[in-house]
$ cat upload-v2.csv   # CSV, C-alpha atoms
chain,number,residue,atom,x,y,z
A,1,MET,CA,0.0,0.0,0.0
A,2,THR,CA,1.5,3.3,-1.1
A,3,VAL,CA,0.6,6.9,-0.1
A,4,TRP,CA,-1.3,7.2,-3.4
A,5,ASP,CA,-3.9,4.7,-2.2
A,6,GLU,CA,-5.1,7.6,0.0
A,7,VAL,CA,-6.2,9.5,-3.1
A,8,VAL,CA,-9.6,8.3,-4.3
A,9,GLY,CA,-10.5,8.3,-8.0
A,10,GLN,CA,-7.8,10.7,-9.3
A,11,PRO,CA,-5.6,8.6,-11.7
A,12,ALA,CA,-4.5,11.5,-13.8
A,13,ALA,CA,-3.4,13.6,-10.8
A,14,VAL,CA,-1.7,10.7,-9.1
A,15,ALA,CA,0.3,10.0,-12.3
A,16,GLU,CA,1.4,13.6,-12.5
A,17,LEU,CA,2.3,13.9,-8.9
A,18,SER,CA,4.1,10.6,-8.7
A,19,ALA,CA,6.2,11.5,-11.7
A,20,ALA,CA,7.2,14.9,-10.1
A,21,ALA,CA,8.1,13.2,-6.8
A,22,THR,CA,10.4,10.8,-8.6
A,23,ASP,CA,12.1,13.2,-11.0
A,24,PRO,CA,13.6,16.4,-9.4
A,25,ALA,CA,13.7,18.0,-12.9
A,26,ALA,CA,9.9,17.8,-13.0
A,27,MET,CA,9.5,19.6,-9.7
A,28,THR,CA,8.4,23.1,-9.1
A,29,HIS,CA,8.2,25.1,-5.8
A,30,ALA,CA,4.4,25.8,-5.7
A,31,TRP,CA,1.4,23.7,-6.6
A,32,LEU,CA,-2.3,24.5,-6.6
A,33,PHE,CA,-4.7,21.6,-6.0
A,34,THR,CA,-8.3,22.5,-7.1
A,35,GLY,CA,-11.5,20.5,-7.2
A,36,PRO,CA,-15.0,20.4,-5.8
A,37,PRO,CA,-15.7,19.7,-2.1
A,38,GLY,CA,-14.9,16.1,-1.2
A,39,SER,CA,-12.6,15.6,-4.2
A,40,GLY,CA,-9.7,15.1,-1.8
A,41,ARG,CA,-7.6,18.2,-2.4
A,42,SER,CA,-5.9,18.2,1.0
A,43,VAL,CA,-5.5,14.4,0.9
A,44,ALA,CA,-3.8,14.6,-2.5
A,45,ALA,CA,-1.5,17.4,-1.2
A,46,ARG,CA,-0.6,15.4,1.9
A,47,ALA,CA,0.1,12.3,-0.1
A,48,PHE,CA,2.3,14.3,-2.4
A,49,ALA,CA,4.2,15.8,0.6
A,50,ALA,CA,4.8,12.3,1.9
A,51,ALA,CA,6.1,11.2,-1.5
A,52,LEU,CA,8.5,14.1,-1.6
A,53,GLN,CA,9.9,13.3,1.8
A,54,CYS,CA,10.0,9.5,1.3
A,55,PRO,CA,13.3,8.0,0.1
A,56,GLN,CA,11.3,5.7,-2.1
A,57,HIS,CA,8.9,8.4,-3.3
A,58,GLY,CA,5.8,7.3,-1.5
A,59,CYS,CA,6.2,3.8,-0.3
A,60,GLY,CA,3.6,4.2,2.5
A,61,GLU,CA,5.6,2.1,4.9
A,62,CYS,CA,8.6,4.2,6.0
A,63,THR,CA,8.8,6.7,8.9
A,64,ALA,CA,8.6,9.7,6.6
A,65,CYS,CA,5.4,8.5,5.0
A,66,HIS,CA,3.7,7.6,8.3
A,67,THR,CA,4.7,10.9,10.0
A,68,VAL,CA,3.6,13.1,7.1
A,69,LEU,CA,0.2,11.4,6.8
A,70,ALA,CA,-0.2,11.5,10.6
A,71,GLY,CA,0.6,15.3,10.6
A,72,THR,CA,3.7,14.9,12.8
A,73,HIS,CA,6.6,15.3,10.4
A,74,SER,CA,9.0,18.1,11.5
A,75,ASP,CA,9.4,19.5,8.0
A,76,VAL,CA,5.7,19.5,6.9
A,77,ARG,CA,3.4,22.1,8.2
A,78,GLU,CA,-0.3,22.0,7.4
A,79,VAL,CA,-2.5,25.1,7.7
A,80,VAL,CA,-6.1,24.1,8.5
A,81,PRO,CA,-8.1,27.3,9.1
A,82,GLU,CA,-10.4,26.8,12.0
A,83,GLY,CA,-11.9,30.3,11.9
A,84,LEU,CA,-13.5,32.3,9.1
A,85,SER,CA,-10.2,33.3,7.5
A,86,ILE,CA,-6.4,32.9,7.6
A,87,SER,CA,-4.8,36.1,9.0
A,88,VAL,CA,-1.8,37.9,7.8
A,89,ARG,CA,-0.1,37.4,11.1
A,90,SER,CA,-0.4,33.7,11.1
A,91,MET,CA,0.7,33.5,7.4
A,92,ARG,CA,3.8,35.6,8.1
A,93,LEU,CA,4.8,33.2,10.9
A,94,LEU,CA,4.2,30.2,8.8
A,95,VAL,CA,6.2,31.6,5.8
A,96,GLN,CA,9.1,32.4,8.1
A,97,SER,CA,9.1,28.8,9.5
A,98,ALA,CA,8.9,27.3,6.0
A,99,ALA,CA,12.0,29.3,5.0
A,100,ARG,CA,14.2,27.2,7.4
A,101,ARG,CA,16.3,24.4,6.2
A,102,PRO,CA,14.8,20.9,6.5
A,103,VAL,CA,15.6,19.1,9.7
A,104,THR,CA,15.0,15.4,8.7
A,105,GLY,CA,13.4,15.5,5.2
A,106,ARG,CA,14.4,16.6,1.8
A,107,TYR,CA,12.1,19.7,1.8
A,108,GLN,CA,10.3,22.2,4.0
A,109,ILE,CA,6.7,21.8,2.9
A,110,LEU,CA,3.8,24.2,3.7
A,111,ILE,CA,0.3,22.8,3.0
A,112,ILE,CA,-2.5,25.4,3.0
A,113,THR,CA,-5.7,23.4,2.9
A,114,ASP,CA,-8.2,26.3,2.3
A,115,ALA,CA,-6.2,28.9,0.4
A,116,ASP,CA,-9.5,30.6,-0.6
A,117,ARG,CA,-9.8,31.7,3.1
A,118,LEU,CA,-6.6,33.8,2.9
A,119,THR,CA,-7.3,37.5,3.6
A,120,GLU,CA,-5.9,39.9,1.1
A,121,ASN,CA,-2.9,40.8,3.3
A,122,ALA,CA,-2.3,37.1,4.1
A,123,ALA,CA,-2.3,36.4,0.3
A,124,ASN,CA,0.2,39.2,-0.3
A,125,ALA,CA,2.5,37.8,2.5
A,126,LEU,CA,2.4,34.4,0.8
A,127,LEU,CA,2.9,35.8,-2.6
A,128,LYS,CA,6.2,37.4,-1.6
A,129,SER,CA,7.5,34.1,-0.5
A,130,ILE,CA,6.3,32.2,-3.6
A,131,GLU,CA,7.9,34.9,-5.9
A,132,GLU,CA,11.3,34.4,-4.2
A,133,PRO,CA,11.1,30.9,-2.9
A,134,PRO,CA,13.7,29.7,-0.4
A,135,ASP,CA,15.8,26.7,-1.4
A,136,GLN,CA,14.2,23.4,-0.5
A,137,THR,CA,10.8,24.9,0.3
A,138,ILE,CA,7.6,23.7,-1.4
A,139,PHE,CA,4.2,25.3,-1.2
A,140,LEU,CA,1.0,23.2,-1.7
A,141,LEU,CA,-2.2,25.2,-1.9
A,142,CYS,CA,-5.7,23.8,-2.0
A,143,ALA,CA,-8.8,25.7,-3.2
A,144,PRO,CA,-12.2,24.9,-4.7
A,145,SER,CA,-11.1,26.5,-8.0
A,146,ASP,CA,-8.5,28.7,-9.6
A,147,HIS,CA,-11.0,31.5,-10.0
A,148,PRO,CA,-9.8,34.9,-8.8
A,149,GLU,CA,-12.5,34.8,-6.0
A,150,ASP,CA,-10.8,31.7,-4.6
A,151,VAL,CA,-7.1,32.3,-5.4
A,152,ALA,CA,-5.5,35.6,-6.3
A,153,VAL,CA,-4.4,35.7,-10.0
A,154,THR,CA,-0.8,36.6,-8.9
A,155,ILE,CA,-0.6,33.5,-6.7
A,156,ARG,CA,-2.3,31.2,-9.3
A,157,SER,CA,0.1,32.3,-12.0
A,158,ARG,CA,3.1,31.1,-10.0
A,159,CYS,CA,1.7,27.7,-9.1
A,160,ARG,CA,1.5,24.5,-11.1
A,161,PRO,CA,-2.2,23.4,-11.3
A,162,VAL,CA,-3.4,20.0,-10.2
A,163,PRO,CA,-7.1,19.8,-11.1
A,164,LEU,CA,-9.1,17.1,-9.3
A,165,ARG,CA,-12.5,15.7,-10.3
A,166,THR,CA,-15.4,14.4,-8.3
A,167,PRO,CA,-14.7,10.7,-7.5
A,168,SER,CA,-17.2,8.2,-8.8
A,169,ALA,CA,-19.6,6.5,-6.4
A,170,LEU,CA,-18.0,3.2,-7.3
A,171,ALA,CA,-14.5,4.4,-6.3
A,172,ILE,CA,-15.8,5.8,-3.0
A,173,ALA,CA,-17.6,2.6,-2.2
A,174,ASP,CA,-14.5,0.6,-2.9
A,175,VAL,CA,-12.3,2.6,-0.6
A,176,LEU,CA,-14.9,2.6,2.2
A,177,ALA,CA,-15.2,-1.1,2.1
A,178,ARG,CA,-11.5,-2.0,1.4
A,179,ARG,CA,-9.7,0.6,3.6
A,180,ASP,CA,-12.3,1.5,6.3
A,181,GLY,CA,-13.8,-2.0,6.8
A,182,ILE,CA,-17.4,-0.8,6.2
A,183,ASP,CA,-19.7,-3.5,4.9
A,184,PRO,CA,-20.1,-3.3,1.1
A,185,GLU,CA,-23.9,-2.6,1.2
A,186,THR,CA,-23.6,0.3,3.6
A,187,ALA,CA,-20.5,1.6,1.7
A,188,SER,CA,-22.4,1.4,-1.6
A,189,TRP,CA,-25.4,3.3,-0.2
A,190,ALA,CA,-23.2,6.0,1.5
A,191,ALA,CA,-21.2,6.5,-1.7
A,192,SER,CA,-24.4,6.8,-3.8
A,193,VAL,CA,-25.9,9.6,-1.7
A,194,ALA,CA,-22.7,11.6,-0.8
A,195,GLY,CA,-22.5,13.6,-4.0
A,196,GLY,CA,-18.9,12.5,-4.7
A,197,HIS,CA,-17.8,13.7,-1.2
A,198,VAL,CA,-15.5,11.0,0.3
A,199,GLY,CA,-15.6,12.5,3.8
A,200,ARG,CA,-19.4,12.9,3.7
A,201,ALA,CA,-19.8,9.3,2.6
A,202,ARG,CA,-17.6,8.0,5.4
A,203,ARG,CA,-19.5,10.0,8.0
A,204,LEU,CA,-22.9,8.8,6.7
A,205,ALA,CA,-21.6,5.2,6.7
A,206,ARG,CA,-20.3,5.4,10.3
A,207,ASP,CA,-22.5,7.8,12.1
A,208,PRO,CA,-26.2,7.0,12.8
A,209,ALA,CA,-26.8,10.7,14.0
A,210,ALA,CA,-25.6,12.0,10.6
A,211,ARG,CA,-27.9,9.6,8.8
A,212,ALA,CA,-30.9,10.7,11.0
A,213,HIS,CA,-30.1,14.4,10.4
A,214,ARG,CA,-30.0,13.8,6.6
A,215,GLU,CA,-33.4,12.1,6.7
A,216,LEU,CA,-34.8,15.1,8.6
A,217,VAL,CA,-33.4,17.7,6.2
A,218,LEU,CA,-34.5,15.8,3.0
A,219,GLY,CA,-38.0,15.5,4.4
A,220,LEU,CA,-38.4,19.3,4.9
A,221,PRO,CA,-39.4,20.4,1.4
A,222,LEU,CA,-42.6,18.2,1.5
A,223,ARG,CA,-43.4,18.9,5.2
A,224,VAL,CA,-43.4,22.7,5.1
A,225,ARG,CA,-47.1,23.5,4.6
A,226,ASN,CA,-47.6,26.9,6.3
A,227,LEU,CA,-45.6,29.7,7.8
A,228,GLY,CA,-45.7,28.2,11.2
A,229,ASP,CA,-43.9,25.1,9.9
A,230,ALA,CA,-41.4,27.3,8.1
A,231,PHE,CA,-40.3,29.1,11.2
A,232,ALA,CA,-40.4,26.0,13.4
A,233,TYR,CA,-38.2,24.0,11.0
A,234,ALA,CA,-35.8,27.0,10.5
A,235,SER,CA,-35.4,27.1,14.3
A,236,ASP,CA,-34.7,23.3,14.3
A,237,LEU,CA,-32.0,23.6,11.6
A,238,VAL,CA,-30.2,26.4,13.3
A,239,ARG,CA,-30.5,24.8,16.8
A,240,ASP,CA,-29.1,21.5,15.5
A,241,ALA,CA,-26.1,23.3,13.9
A,242,LYS,CA,-25.4,25.2,17.1
A,243,ALA,CA,-25.6,22.0,19.1
A,244,GLU,CA,-23.2,20.2,16.8
A,245,ALA,CA,-20.7,23.1,16.9
A,246,THR,CA,-21.0,23.2,20.7
A,247,GLU,CA,-20.4,19.5,21.0
A,248,LEU,CA,-17.3,19.6,18.9
A,249,SER,CA,-15.9,22.7,20.6
A,250,GLU,CA,-16.6,22.3,24.3
A,251,SER,CA,-14.0,19.7,25.3
A,252,ARG,CA,-11.4,21.2,22.9
A,253,ASP,CA,-12.0,24.8,24.2
A,254,ALA,CA,-11.6,23.6,27.8
A,255,THR,CA,-8.4,21.8,27.0
A,256,GLU,CA,-6.9,24.9,25.3
A,257,ARG,CA,-7.8,27.1,28.2
A,258,GLU,CA,-6.1,24.7,30.7
A,259,GLU,CA,-3.0,24.5,28.5
A,260,LEU,CA,-2.9,28.3,28.2
A,261,ALA,CA,-3.2,28.7,32.0
A,262,VAL,CA,-0.3,26.3,32.6
A,263,ALA,CA,1.8,28.0,29.9
A,264,MET,CA,1.2,31.4,31.5
A,265,GLY,CA,2.1,30.2,35.0
A,266,ALA,CA,-1.3,30.2,36.6
A,267,GLY,CA,-1.1,30.2,40.4
A,268,GLY,CA,2.5,31.5,40.4
A,269,THR,CA,3.8,33.8,43.1
A,270,GLY,CA,6.8,36.1,43.6
A,271,LYS,CA,8.4,38.6,41.3
A,272,GLY,CA,6.8,39.0,37.9
A,273,ALA,CA,3.6,37.2,38.9
A,274,ALA,CA,1.5,40.4,38.4
A,275,ALA,CA,3.0,41.1,35.0
A,276,ALA,CA,2.4,37.4,34.0
A,277,ALA,CA,-1.2,37.7,35.1
A,278,ARG,CA,-1.7,40.7,32.9
A,279,GLY,CA,-0.1,38.9,29.9
A,280,ALA,CA,-2.3,35.9,30.7
A,281,LYS,CA,-5.5,38.0,30.5
A,282,ALA,CA,-4.5,39.3,27.0
A,283,ALA,CA,-3.7,35.8,25.8
A,284,GLU,CA,-7.0,34.5,27.2
A,285,ARG,CA,-8.9,37.2,25.2
A,286,ASP,CA,-7.0,36.2,22.0
A,287,LEU,CA,-7.9,32.6,22.6
A,288,GLU,CA,-11.5,33.4,23.2
A,289,ARG,CA,-11.7,35.3,19.9
A,290,GLN,CA,-10.1,32.3,18.1
A,291,GLN,CA,-12.5,29.9,19.7
A,292,LYS,CA,-15.5,32.0,18.9
A,293,SER,CA,-14.5,32.3,15.3
A,294,ARG,CA,-13.9,28.5,15.1
A,295,ASN,CA,-17.3,27.8,16.6
A,296,THR,CA,-19.0,30.1,14.1
A,297,ARG,CA,-17.2,28.3,11.2
A,298,THR,CA,-18.3,24.9,12.6
A,299,GLN,CA,-21.9,26.0,12.9
A,300,ARG,CA,-21.8,27.4,9.3
A,301,ASP,CA,-20.3,24.2,8.0
A,302,ALA,CA,-23.1,22.1,9.7
A,303,LEU,CA,-25.7,24.4,8.2
A,304,ASP,CA,-24.1,24.2,4.8
A,305,ARG,CA,-24.2,20.4,4.7
A,306,ALA,CA,-28.0,20.7,5.2
A,307,LEU,CA,-28.3,23.3,2.5
A,308,VAL,CA,-26.3,21.1,0.0
A,309,ASP,CA,-28.6,18.2,0.7
A,310,LEU,CA,-31.7,20.4,0.1
A,311,ALA,CA,-30.2,21.7,-3.1
A,312,GLY,CA,-29.5,18.2,-4.2
A,313,PHE,CA,-33.2,17.2,-3.5
A,314,LEU,CA,-34.5,20.1,-5.6
A,315,ARG,CA,-32.0,19.4,-8.4
A,316,ASP,CA,-33.4,15.8,-8.5
A,317,ALA,CA,-37.0,17.2,-8.7
A,318,LEU,CA,-35.9,19.2,-11.7
A,319,VAL,CA,-34.2,16.2,-13.3
A,320,VAL,CA,-37.2,14.0,-12.9
A,321,GLY,CA,-39.7,16.7,-14.0
A,322,SER,CA,-37.7,17.2,-17.2
A,323,GLY,CA,-37.5,13.5,-17.9
A,324,ALA,CA,-33.7,13.5,-18.1
A,325,GLU,CA,-32.0,10.1,-17.8
A,326,VAL,CA,-29.2,11.0,-15.4
A,327,PRO,CA,-28.4,9.6,-11.9
A,328,LEU,CA,-30.2,11.3,-8.9
A,329,THR,CA,-28.2,13.0,-6.2
A,330,HIS,CA,-30.4,11.2,-3.6
A,331,PRO,CA,-31.5,7.9,-5.2
A,332,ASP,CA,-32.8,6.6,-1.9
A,333,ARG,CA,-35.4,9.4,-1.9
A,334,GLU,CA,-36.7,8.8,-5.4
A,335,GLY,CA,-40.3,8.5,-4.2
A,336,ASP,CA,-40.3,11.9,-2.5
A,337,VAL,CA,-38.5,13.4,-5.5
A,338,ARG,CA,-41.1,12.1,-7.9
A,339,ARG,CA,-43.9,13.5,-5.7
A,340,ALA,CA,-42.3,16.9,-5.6
A,341,ALA,CA,-41.8,16.9,-9.4
A,342,THR,CA,-45.5,16.0,-9.8
A,343,ASP,CA,-46.9,18.5,-7.3
A,344,TRP,CA,-44.7,21.5,-8.2
A,345,SER,CA,-44.1,23.2,-11.5
A,346,ALA,CA,-40.5,23.6,-12.8
A,347,GLU,CA,-40.7,27.3,-12.1
A,348,SER,CA,-41.7,26.6,-8.5
A,349,VAL,CA,-38.8,24.1,-8.0
A,350,LEU,CA,-36.4,26.6,-9.4
A,351,ARG,CA,-37.6,29.3,-7.0
A,352,ARG,CA,-37.1,26.9,-4.1
A,353,LEU,CA,-33.6,26.0,-5.4
A,354,GLU,CA,-32.7,29.7,-5.8
A,355,ALA,CA,-33.8,30.3,-2.2
A,356,VAL,CA,-31.5,27.5,-0.9
A,357,LEU,CA,-28.6,28.9,-2.9
A,358,ALA,CA,-29.4,32.5,-1.7
A,359,CYS,CA,-29.3,31.2,1.9
A,360,ARG,CA,-25.7,29.8,1.3
A,361,THR,CA,-24.6,33.1,-0.1
A,362,ALA,CA,-26.2,35.0,2.8
A,363,LEU,CA,-24.4,32.9,5.4
A,364,ASP,CA,-21.1,33.5,3.5
A,365,GLN,CA,-21.8,37.2,3.8
A,366,ASN,CA,-22.2,36.9,7.6
A,367,VAL,CA,-26.0,37.3,7.7
A,368,LYS,CA,-27.3,36.0,11.0
A,369,PRO,CA,-28.1,32.2,10.5
A,370,GLU,CA,-31.7,32.5,12.0
A,371,ILE,CA,-32.6,35.3,9.5
A,372,ALA,CA,-31.0,33.5,6.5
A,373,VAL,CA,-32.6,30.2,7.2
A,374,GLU,CA,-36.0,31.6,8.0
A,375,ALA,CA,-36.0,33.5,4.7
A,376,MET,CA,-35.2,30.2,2.9
A,377,MET,CA,-37.8,28.2,4.7
A,378,THR,CA,-40.6,30.8,3.9
A,379,ALA,CA,-39.6,30.6,0.2
A,380,LEU,CA,-39.7,26.8,0.4
A,381,GLN,CA,-43.3,27.1,1.8
A,382,ARG,CA,-44.4,29.6,-0.8
A,383,GLY,CA,-42.9,27.8,-3.7
$ encode --input "upload-v2.csv" --output "structure tokens"
Amino acid sequence: MTVWDEVVGQPAAVAELSAAATDPAAMTHAWLFTGPPGSGRSVAARAFAAALQCPQHGCGECTACHTVLAGTHSDVREVVPEGLSISVRSMRLLVQSAARRPVTGRYQILIITDADRLTENAANALLKSIEEPPDQTIFLLCAPSDHPEDVAVTIRSRCRPVPLRTPSALAIADVLARRDGIDPETASWAASVAGGHVGRARRLARDPAARAHRELVLGLPLRVRNLGDAFAYASDLVRDAKAEATELSESRDATEREELAVAMGAGGTGKGAAAAARGAKAAERDLERQQKSRNTRTQRDALDRALVDLAGFLRDALVVGSGAEVPLTHPDREGDVRRAATDWSAESVLRRLEAVLACRTALDQNVKPEIAVEAMMTALQRG
């Protein structure tokens, strides 16, 4: 098993990356991995980093491969933005650390998993380093597309593109069954309803709560009969997203606060204790801001998964209503989809779909979730 087995359904990209890892003449200092959500951008970047550090170019068995894939390699740093954006301050620190000489590997590698979240100043800080790259430093950027709204043109033009496609349901089912040990029937079902998103398929296959939430969301379009239903279901969606974010954050937040208190010398006495306490208060405020931003992002991600499912349901209604012979996004909900296609006109389905997409846009623009979701639900009710 090599590191490339981690990359699902991307034979062209794997061939290109494998050749570059093997032949130094084919290497470049900056790469841009693009593809739709779930296509495995960060997985491909991580596998490539492992192959670059591996003496055998990605054997999957050596210490270099294991540590890179586990996120513990001393010469590979991965930026996973937990808040709404990547700040210029954090990017400058990362660029400085990436400029050092490798300690154990062949390269210093910086992986930015969501380069589309770079602020303008952070992108400029990264650009300066990419324009004049330090020796033995490799930049691996991941973004949904190479559009200027996702990646600045100046950065894109200095990166070698690696376009990824949506993996097939067959490829996802195979990896879930073969690598994750999920029974083939469950793996096939999860792959068929995940919209080509490997992580989503894995979550649906393993987590009964995720399956139950999906059933609740996909039942909404046909259950919203009056304004009372619209506001009640909107409240349920937002509450569930907040509960998921709180559950994921609580234990982590408490651990971070304890670690910060220890680092700042909590309970100390003697000279300097007062100054240390003042510094601790400032550090606590910074940590609280970071945790609040992370919680907001987690809540939005949970809501976005629900909106993507709703959009898929409405897309299926359009497909069935038009008589197109193409696979459904939610084949297990075909009965409800056909009912919707029969009861609603194509124009009505489109208005509902536009309301879901408008809700996603509103959340991206920092509209309060309750307001954005209520507007969407009332549009679903009106049709």
$ closest_residue --input "upload-v2.csv" --among "A:Glu185, A:Glu78, A:Asp114, A:Asp309" --to "Arg211 in chain A" --atoms "all atoms listed in the file"
A:Asp309
$ closest_atom_pairs --input "upload-v2.csv" --of "range 43-115 of chain A" --to "range 124-148 of chain A" --cutoff "6 Å" --atoms "only C-alpha atoms" --output "Markdown table"
| residue | atom | partner | partner_atom | distance |
| --- | --- | --- | --- | --- |
| A:Ala99 | CA | A:Pro134 | CA | 5.7 |
| A:Tyr107 | CA | A:Gln136 | CA | 4.8 |
| A:Gln108 | CA | A:Thr137 | CA | 4.6 |
| A:Ile109 | CA | A:Ile138 | CA | 4.8 |
| A:Leu110 | CA | A:Phe139 | CA | 5.0 |
| A:Ile111 | CA | A:Leu140 | CA | 4.8 |
| A:Ile112 | CA | A:Leu141 | CA | 4.9 |
| A:Thr113 | CA | A:Cys142 | CA | 4.9 |
| A:Asp114 | CA | A:Ala143 | CA | 5.6 |
| A:Ala115 | CA | A:Ala143 | CA | 5.5 |
$ write_last_selection --input "upload-v2.csv" --atoms "C-alpha atoms" --output "PDB file, in the frame of the given file"
ATOM      1  CA  ALA A  99      12.000  29.300   5.000  1.00  0.00           C
ATOM      2  CA  TYR A 107      12.100  19.700   1.800  1.00  0.00           C
ATOM      3  CA  GLN A 108      10.300  22.200   4.000  1.00  0.00           C
ATOM      4  CA  ILE A 109       6.700  21.800   2.900  1.00  0.00           C
ATOM      5  CA  LEU A 110       3.800  24.200   3.700  1.00  0.00           C
ATOM      6  CA  ILE A 111       0.300  22.800   3.000  1.00  0.00           C
ATOM      7  CA  ILE A 112      -2.500  25.400   3.000  1.00  0.00           C
ATOM      8  CA  THR A 113      -5.700  23.400   2.900  1.00  0.00           C
ATOM      9  CA  ASP A 114      -8.200  26.300   2.300  1.00  0.00           C
ATOM     10  CA  ALA A 115      -6.200  28.900   0.400  1.00  0.00           C
TER      11      ALA A 115
END
$ residues_around --input "upload-v2.csv" --residues "Arg92 in chain A" --least-positions-apart "3" --cutoff "9 Å" --atoms "only C-alpha atoms" --output "VMD selection string"
chain A and resid 87 to 89 95 to 97 122 125 to 126
$ residues_around --input "upload-v2.csv" --residues "Val308 in chain A" --least-positions-apart "6" --cutoff "12 Å" --atoms "only C-alpha atoms" --output "compact mmCIF listing (two decimals) with C-alpha atoms, in the frame of the given file"
# COMPACT_ATOMS: atom_id res chain seq x y z
CA PRO A 37 -15.70 19.70 -2.10
CA VAL A 193 -25.90 9.60 -1.70
CA ALA A 194 -22.70 11.60 -0.80
CA GLY A 195 -22.50 13.60 -4.00
CA HIS A 197 -17.80 13.70 -1.20
CA ARG A 200 -19.40 12.90 3.70
CA ARG A 214 -30.00 13.80 6.60
CA VAL A 217 -33.40 17.70 6.20
CA LEU A 218 -34.50 15.80 3.00
CA ASP A 301 -20.30 24.20 8.00
CA ALA A 302 -23.10 22.10 9.70
CA LEU A 314 -34.50 20.10 -5.60
CA ARG A 315 -32.00 19.40 -8.40
CA THR A 329 -28.20 13.00 -6.20
CA HIS A 330 -30.40 11.20 -3.60
CA LEU A 353 -33.60 26.00 -5.40
CA VAL A 356 -31.50 27.50 -0.90
CA LEU A 357 -28.60 28.90 -2.90
CA ALA A 358 -29.40 32.50 -1.70
CA CYS A 359 -29.30 31.20 1.90
CA ARG A 360 -25.70 29.80 1.30
$ residues_around --input "upload-v2.csv" --residues "Lys242 in chain A" --least-positions-apart "2" --cutoff "12 Å" --atoms "only C-alpha atoms" --output "ChimeraX atom specification"
/A:235-240,244-250,295-303,369-370
$ residues_around --input "upload-v2.csv" --residues "Pro161 in chain A" --least-positions-apart "4" --cutoff "8 Å" --atoms "only C-alpha atoms" --output "PDB file with C-alpha atoms, keeping the file's coordinate frame"
ATOM      1  CA  TRP A  31       1.400  23.700  -6.600  1.00  0.00           C
ATOM      2  CA  LEU A  32      -2.300  24.500  -6.600  1.00  0.00           C
ATOM      3  CA  PHE A  33      -4.700  21.600  -6.000  1.00  0.00           C
ATOM      4  CA  THR A  34      -8.300  22.500  -7.100  1.00  0.00           C
TER       5      THR A  34
END
$ closest_residue --input "upload-v2.csv" --among "A:Val367, A:Ala44, A:Leu94, A:Leu222" --to "Gly335 in chain A" --atoms "all atoms listed in the file"
A:Leu222
$ atom_distance --input "upload-v2.csv" --atom1 "CA of Ser85 in chain A" --atom2 "CA of Asp116 in chain A"
8.6 Å
$ residues_around --input "upload-v2.csv" --residues "Asp229 in chain A" --least-positions-apart "4" --cutoff "9 Å" --atoms "all atoms listed in the file" --output "JSON, numbers by chain"
{"A": [223, 224, 225, 233, 234, 377, 378, 381]}
$ closest_residue --input "upload-v2.csv" --among "A:Ala20, A:Cys159, A:Ala340, A:Val80" --to "His57 in chain A" --atoms "all atoms listed in the file"
A:Ala20
$ atom_distance --input "upload-v2.csv" --atom1 "CA of Val320 in chain A" --atom2 "CA of Leu216 in chain A"
21.7 Å
